[in-house]
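Participant: Sharing a structure with you now.
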Amino acid sequence: MIGMLAMTASMLLVGWIIWKVINSKEQGDVDLQARLDADDRRAAIGRGENPDRHPRDD
């Protein structure tokens, strides 16, 4: 039982560390942000929304 809890805790810790490393690399990546914005725009068009209007502009 304790072994299973330790394994779960270690997997959570490793996952958290990987998540933090990836976030720190993505945060300063302007090219990645531009691609994500373009993808959001295409998705909005695919849903029939106006991509130039922000959803909070209502």
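Chain identifiers are assigned as A, B, and so on, following the order in which chains appear in the structure tokens; residues are numbered from 1 within each chain, and ligands are numbered from 1 in order of appearance.
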Excluding segment 49-51 of chain A and residues on its chain fewer than 4 positions from it, collect all residues at most 12 Å away from it, counting only C-alpha atoms, and give them as a list in words.

Facilitator: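 That gives Asp37, Ala38, Asp39, Asp40, Arg41, Arg42, Ala43, Ala44, Ile45, Pro55 and Asp57 of chain A.
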
Participant: Which value, in Å to one decimal, gives the distance between atom CA of Asn23 of chain A and atom CA of Leu36 of chain A?

Facilitator: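 Separation between atom CA of Asn23 of chain A and atom CA of Leu36 of chain A: 14.2 Å.
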
Participant: Which distance in Å separates atom CA of Ala9 of chain A and atom CA of Ser24 of chain A, to one decimal?

Facilitator: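 Separation of atom CA of Ala9 of chain A and atom CA of Ser24 of chain A: 22.6 Å.
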
Participant: Which of segment 20-49 of chain A counts as helix (DSSP H, G or I) under DSSP, as a list of chain:residue names please?

Facilitator: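 Residues meeting the helix (DSSP H, G or I) criterion: A:Lys20, A:Val21, A:Ile22, A:Asn23, A:Ser24, A:Lys25, A:Glu26, A:Gln27, A:Val30, A:Asp31, A:Leu32, A:Gln33, A:Ala34, A:Arg35, A:Leu36, A:Asp37, A:Ala38, A:Asp39, A:Asp40, A:Arg41, A:Arg42, A:Ala43, A:Ala44, A:Ile45, A:Gly46.
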